[in-house]
Amino acid sequence: MTEKLLDIEGLSVHFPTRRKLFVAVNKANLTVEPGEIHGLVGESGAGKSTIGAAVMGLLERPGHIAEGTVSFKGEHINGRDADGMRALRGAKISMIFQDPLTSLNPLLTVGQQLVETIQFHLKLSEADSKKRAIELLDRVGIPMPDERINQYPHQFSGGMRQRVVIALALCSEPDVIIADEPTTALDVSIQAQILELIKELARERQTGVVLITHDMGVIADTTDKVTVMYQGEVVESGTTQQVLGAPAHEYTKSLIAAVPRPTLKVHRFPQLSYGGRQIEFLIDDLARNWDRPEPSKSGTLLKVDGLTKTFLQSGSIIPSRRKYFTAVDMVSFDIREGEVFGIVGESGSGKSTVARMIATLYQTNGGKIFFDEDEITQLKTAKDLESYRRQIQMIFQDPFSSLNPRMRVDEIIAEPVKHHKLLEGAAIQHRVDELLERVGLGSESSRKYPHEFSGGQRQRISIARALATQPRFLICDEPTSALDVSIQAQILNILKDLQEHLGLTMLFISHDLPVVRQMCDRVGVMRQGQMVEVADTETLFAAPKETYTRELLSLMPKLEGLSTEGLEDEII
Amino acid sequence: MLTYVLKRVLQSALVLLVVGLVAFSMFQFVGDPIDNMLGQERTDADIARLRTELGLDQPFPVQYYKFLENAVQGDFGVSYRQGRPVAEILVERAPATLELAAVSGFLAISIGIGLGVFTAIRKDGFLANAIMSISLIGVSLPTFLIGILLIYLFSVELGWLPAFGRGDVVKFGWWSTGLLTSSGLKAIILPAITLGLYQMTLIMRLVRSEMLEVLRQDYVRFARARGLKDRTVNFRHALKNTLVPVITVTGLQLGSIIAFAIITETVFQWPGVGLLFINAVQFVDIPVMAAYLMLISVMFVGINLIVDLLYFAIDPRLRTDGKGAH
Amino acid sequence: MSDQSATAPQSRLAKALDSDFFYSFRRSPVAVVSFVVVMLLVLSAVFAPLIAPYDPFDPGSLDLMNGFTAPMAPNDFTGDVFWLGTDDQGRDVFSTILYGMRVSLFVGLAAVSFAMILGITLGLVAGYVGGWVETLIMRAADVQLTFPSILVAMLIFGIAKGVIPIQHHDQMAIWVLIIAIGLSDWVQFARVVRGATLVEKDKEYVQAARMMGRGRGIIMLRHILPNVLSPVLVIATISLALAIIAEATLSFLGVGAPPTQPSLGTLIRIGQDFLFSGEWWIILFPSVTLLALALSVNLLGDWLRDALNPRLQ
């Protein structure tokens, strides 16, 4: 029986607040053995980060460990005082945070931060510490480590910075590493590299790793064991194969059912059956009062031709010395009426910029946009654009900033209606109430403020606002990237309903390939401002033509062995 | 980087020109210099003669240029009130103010930063809270009240320190210093404390709030997670980052010390340029007001420029502009 | 079926009283005490004509024989008792303080309001419109920041004094004071509002409004302004304390409220002359009042800053 590096038994963490006692973690159990990567997965509020902080003794006040034990190599550590905990931290148990940008001190070089940690823990001389630092940088995959050791954090890209962070965590050969969402802030391609690095290091040094994440793909590809948490409770635990392939607990089952798969297409996602309440969307009811305009003659609703956008990168009085950055470079595609067209790409590919140009939020620097035969790019004044603006609407990524915190929900939804003077008086309130009912929020929500709602609910309010003017075209810019998996499923279901019952045409922007596969009829792939390939979704996924597309597809999480329980009725 | 320095210098020059314009306009539009200089018994011929002599019949831009030309050479005209060249008066009184500013500035910065760091690190301690509460009083007390209070306590009641004046001074060429005589030293204590107290409180509160902000940052948390000693974390990591914004504000404060000197000098009848200025305002002695204004701006603009350049030297992020992150 | 809980929305007042904000107010003795003190002072200043036992500015009611009476001690000549004593002209110090507070508060509030309106407007426009407008406004702010506000106020006062004919000096003094202090103070409001505007500008609800076709003015007023006001509130309270102190300082130096309409600062100036000859009350009571006013406003502002800071919650 291999000795357990970390053994958490019956751990409870309490946060006393003025109204009540908040139980962040309730009697949790977790073990980590040498060389093992143990995933800790759950949605927001599950308590997974709290467990990590509790082990390290880094809980924010007034949080404290109320009961249970944390043992390291057989010895209890949760009762230790500040000095005792500090002796462990960094030396035996290390932690990595999510955002590499804020984890490093911007005013010290990478070398200074490494050497300081090495010297402190290993008591080596300055010269020896520096040698070791260079070795570590090399091990984590930083090219030319002897040069880069003297650089500042802002001179490293996001992925490189996270590698530096990992190097810092490794300085003293810890036995356990707690990684809290280490790849969430990174691009998919970089993510894969960092996870690979973590796997290698665990194997090589027989380090135990606790990998905290909300991303099932990360769990499926990287971890040996997994513990699932829901609202502070450990719901299920076991080997990854077991838990993902044949989940026992209701919550795990519905959580897995909500994950978009790269290889399957479902009609609608099954809703979370554990804990959350069932919500009905009545979009088909909405269709009865929906004014459908004349369908476009050519069948193409939106056409984009040679669209270009440049931004000023470094200014100068002399025009010839200014440097420009081309965000979008001669992009062309068209969207047929009633279809969902997806654009995928990594960050910096220009996909959001394209969306914003179509939404008239950015001026174009070249190219034309056509909406139902009218050339939009010709229209200059706000008055001319009124009709276009009524017919297109947008749903944004961040539910916490897409609603004005100081406006009531009914004012938010009514604003476009009032602006376009579509209705008057009581009819406006009537429409607002109807929309709120249809997206499953109920008309009593109308007098509340955005902060009283959760992320998923806010996104539904956004959708209600978008539907208020009865648009023909909906732009969805990463509408679910900031949401939990189960909430994502809800929102994607609504969007599908909108397409089916209201005949809405949609532009769906995302970096998440499995989601795009579920939602879109046709897909365009963008890379560094250029449209690389456009095809029907199934064709693109089955037989991609371009190398870049193939690369992107290869980076999709495999999610092999993920149970399909609950999805049988829905699979297309 | 060179562009940055050039831009700042250009900006400073612009500010000085604008100030010059304001100062000059005061001459033009406020009161009639002829009125101020000639007595009641004056004839039209006198007025016309003086006008031409002073060049007051020239167009505006010409006069402005002449004004600047003179100013750069140190000629600010003649004081309406004292009848002496303004430059002479300024030189006479400048050392008093500068010495006072230097002493109180030193007090304010050293004690201010020290206390600021202390109250941030020992955030919940009794002493820290007590200091913070007392500091609020420091911010709510107008400078002149502090002065009056100190005078009452140490001069009237206790009789330890003088209530006004500068004591005996020692002259070196055009500079006169009070720091080398015992009466001079005694005389500078109360004014320096008065002047410095407000600044010190401000600096302390600023350092404290900046440092608390920095201590909340992820990289500090990460440094703790690496097990580093509290002392290392506080001084090496947190303090350095705190000082960057503190430096800008401290620089501005240094400038305002020179202005607040006006108040202190009034309370203690300290013979500096501040007292000179307030008297000039009361008597509408335009040449002195204008000269003070210009001199002060040169000083302020200079201090600001130095602060900006210092900022540059400390924050590496500003130095490596243009090179992409990779 | 909706997934909203079945609670009816609370009334606005109930919500406000139940909020974390009001809770921290109730729990902080400092905040409550300073609030009470401020209210007391403000109310006594507002109702000065009703409360003051004497009208210190009616020359007819003054009796020079009452001069230099100590507090609560009957006057040697007339036998009148004055709570806080009298000054050299026989004016009741208590009454002069009440009226003086009026001036101090009026100037302070008016100056801060002026600075706020100017600063918020310029900050909003600079932040949202950007371009050369922003550059112009921010450069002007930078230039002005180079000079301490006291100096700017003094300068404006001095210039006004030279421009306005002598007979109007006293009347105009208060207004010049308000404009001088207000003009010297707008910059911090502008900067904070501009900073907050830049942040809000990129938020998605502003994008949504722009997409709708809402005009710039409406977006600035309806969407951005309500969301940038909370840091302004903190600055405003502290600004008020500073404005009161600034006015007192200017009046003390003789470039502020005139003796015919004295503020607390003017009273202190008058009293300073008598400090050394033993009539301590003439300077003490106005000083204490000034200190109490500035201190409680500062304390409130300090507490407000901590209470409204989202990150400290």
# chains A, B, ... in the order shown; residues from 1 in each chain; ligands from 1

call {"tool": "select_by_dssp", "arguments": {"residues": "stretch 9-255 of chain B", "states": "helix (DSSP H, G or I)", "output": "ChimeraX atom specification"}}
result
/B:9-29,33-37,44-54,60-73,86-121,126-140,143-157,182-215,218-225,230-255

call {"tool": "interface_residues", "arguments": {"of": "chain C", "to": "chain B", "cutoff": "7 Å", "atoms": "only C-alpha atoms", "output": "tab-separated table (two decimals) with C-alpha atoms, in the first residue's frame"}}
result
chain	number	residue	atom	x	y	z
C	143	VAL	CA	-1.55	71.79	-15.74
C	146	THR	CA	0.79	71.08	-10.95
C	148	PRO	CA	-1.80	73.28	-5.25
C	151	LEU	CA	-2.54	78.74	-4.54
C	158	GLY	CA	-6.30	88.23	-5.99
C	159	ILE	CA	-7.18	88.80	-9.62
C	162	GLY	CA	-8.02	93.79	-8.75
C	163	VAL	CA	-10.79	93.63	-11.28
C	245	ILE	CA	-10.64	74.10	5.53
C	249	THR	CA	-7.55	79.26	5.52
C	291	LEU	CA	-12.26	71.31	13.92
C	294	ALA	CA	-13.97	69.21	9.41
C	295	LEU	CA	-13.24	66.16	11.50
C	298	ASN	CA	-13.68	63.59	7.18

call {"tool": "closest_atom_pairs", "arguments": {"of": "chain A", "to": "chain C", "cutoff": "7 Å", "atoms": "only C-alpha atoms", "output": "JSON lines"}}
result
{"residue": "A:Arg277", "atom": "CA", "partner": "C:Asp3", "partner_atom": "CA", "distance": 6.6}
{"residue": "A:Ile279", "atom": "CA", "partner": "C:Met1", "partner_atom": "CA", "distance": 6.1}
{"residue": "A:Glu280", "atom": "CA", "partner": "C:Met1", "partner_atom": "CA", "distance": 6.0}
{"residue": "A:Ala359", "atom": "CA", "partner": "C:Met211", "partner_atom": "CA", "distance": 6.3}
{"residue": "A:Thr360", "atom": "CA", "partner": "C:Met211", "partner_atom": "CA", "distance": 6.5}
{"residue": "A:Leu361", "atom": "CA", "partner": "C:Met211", "partner_atom": "CA", "distance": 6.3}
{"residue": "A:Ala382", "atom": "CA", "partner": "C:Gly213", "partner_atom": "CA", "distance": 6.6}
{"residue": "A:Glu386", "atom": "CA", "partner": "C:Gly213", "partner_atom": "CA", "distance": 6.9}
{"residue": "A:Arg389", "atom": "CA", "partner": "C:Met212", "partner_atom": "CA", "distance": 6.0}
{"residue": "A:Phe396", "atom": "CA", "partner": "C:Glu204", "partner_atom": "CA", "distance": 6.7}
{"residue": "A:Ser401", "atom": "CA", "partner": "C:Glu204", "partner_atom": "CA", "distance": 5.4}
{"residue": "A:Ser402", "atom": "CA", "partner": "C:Tyr205", "partner_atom": "CA", "distance": 4.2}
{"residue": "A:Leu403", "atom": "CA", "partner": "C:Tyr205", "partner_atom": "CA", "distance": 4.9}
{"residue": "A:Asn404", "atom": "CA", "partner": "C:Tyr205", "partner_atom": "CA", "distance": 5.6}
{"residue": "A:Arg406", "atom": "CA", "partner": "C:Pro226", "partner_atom": "CA", "distance": 6.6}
{"residue": "A:Pro416", "atom": "CA", "partner": "C:Met212", "partner_atom": "CA", "distance": 6.3}
{"residue": "A:Gly440", "atom": "CA", "partner": "C:Ser2", "partner_atom": "CA", "distance": 4.7}
{"residue": "A:Leu441", "atom": "CA", "partner": "C:Ser2", "partner_atom": "CA", "distance": 4.8}
{"residue": "A:Gly442", "atom": "CA", "partner": "C:Ser2", "partner_atom": "CA", "distance": 5.1}

call {"tool": "atom_distance", "arguments": {"atom1": "atom CA of A:Leu552", "atom2": "atom CA of A:Ile509"}}
result
15.3 Å

call {"tool": "closest_atom_pairs", "arguments": {"of": "chain A", "to": "chain B", "cutoff": "6 Å", "atoms": "only C-alpha atoms", "output": "tab-separated table"}}
result
residue	atom	partner	partner_atom	distance
A:Arg86	CA	B:Gly227	CA	4.9
A:Arg89	CA	B:Gly227	CA	4.6
A:Gly90	CA	B:Arg226	CA	3.8
A:Thr102	CA	B:Asp218	CA	5.4
A:Ser103	CA	B:Tyr219	CA	4.1
A:Leu104	CA	B:Tyr219	CA	4.9
A:Asn105	CA	B:Tyr219	CA	5.4
A:Gln155	CA	B:Ala325	CA	4.2
A:Phe156	CA	B:Ala325	CA	4.8
A:Ser157	CA	B:His326	CA	4.7

call {"tool": "atom_distance", "arguments": {"atom1": "atom CA of A:His38", "atom2": "atom CA of A:Leu211"}}
result
6.0 Å

call {"tool": "closest_residue", "arguments": {"among": "A:Leu504, A:Ile37, A:Val354, A:Val13", "to": "A:Ile219", "atoms": "only C-alpha atoms"}}
result
A:Ile37

call {"tool": "closest_residue", "arguments": {"among": "B:Tyr292, B:Lys66, B:Thr194, B:Val214", "to": "C:Leu155", "atoms": "only C-alpha atoms"}}
result
B:Tyr292

call {"tool": "residues_around", "arguments": {"residues": "A:Gln363", "least_positions_apart": "4", "cutoff": "12 Å", "atoms": "only C-alpha atoms", "output": "list in words"}}
result
Leu307, Thr308, Lys309, Thr310, Phe311, Val328, Thr353, Val354, Ala355, Arg356, Met357, Ile358, Ala359, Gly367, Lys368, Ile369, Ile376, Thr377, Gln378, Leu379 and Lys380 of chain A

call {"tool": "write_last_selection", "arguments": {"atoms": "C-alpha atoms", "output": "compact mmCIF listing (two decimals), in the first residue's frame"}}
result
# COMPACT_ATOMS: atom_id res chain seq x y z
CA LEU A 307 -14.11 42.70 -44.69
CA THR A 308 -11.00 44.32 -43.24
CA LYS A 309 -10.20 46.03 -39.96
CA THR A 310 -6.93 47.60 -38.86
CA PHE A 311 -6.04 49.10 -35.49
CA VAL A 328 -9.40 41.20 -39.81
CA THR A 353 -13.93 41.84 -34.35
CA VAL A 354 -15.88 40.51 -37.31
CA ALA A 355 -18.97 40.23 -35.12
CA ARG A 356 -18.56 43.77 -33.91
CA MET A 357 -18.24 45.13 -37.40
CA ILE A 358 -21.44 43.42 -38.42
CA ALA A 359 -23.06 44.86 -35.28
CA GLY A 367 -15.00 45.47 -47.63
CA LYS A 368 -18.77 45.40 -47.69
CA ILE A 369 -21.57 44.02 -45.60
CA ILE A 376 -24.98 48.28 -44.80
CA THR A 377 -21.50 49.65 -45.19
CA GLN A 378 -22.90 52.42 -47.39
CA LEU A 379 -25.15 53.76 -44.68
CA LYS A 380 -23.55 56.53 -42.70

call {"tool": "atom_distance", "arguments": {"atom1": "atom CA of B:Ala108", "atom2": "atom CA of B:Leu90"}}
result
25.8 Å
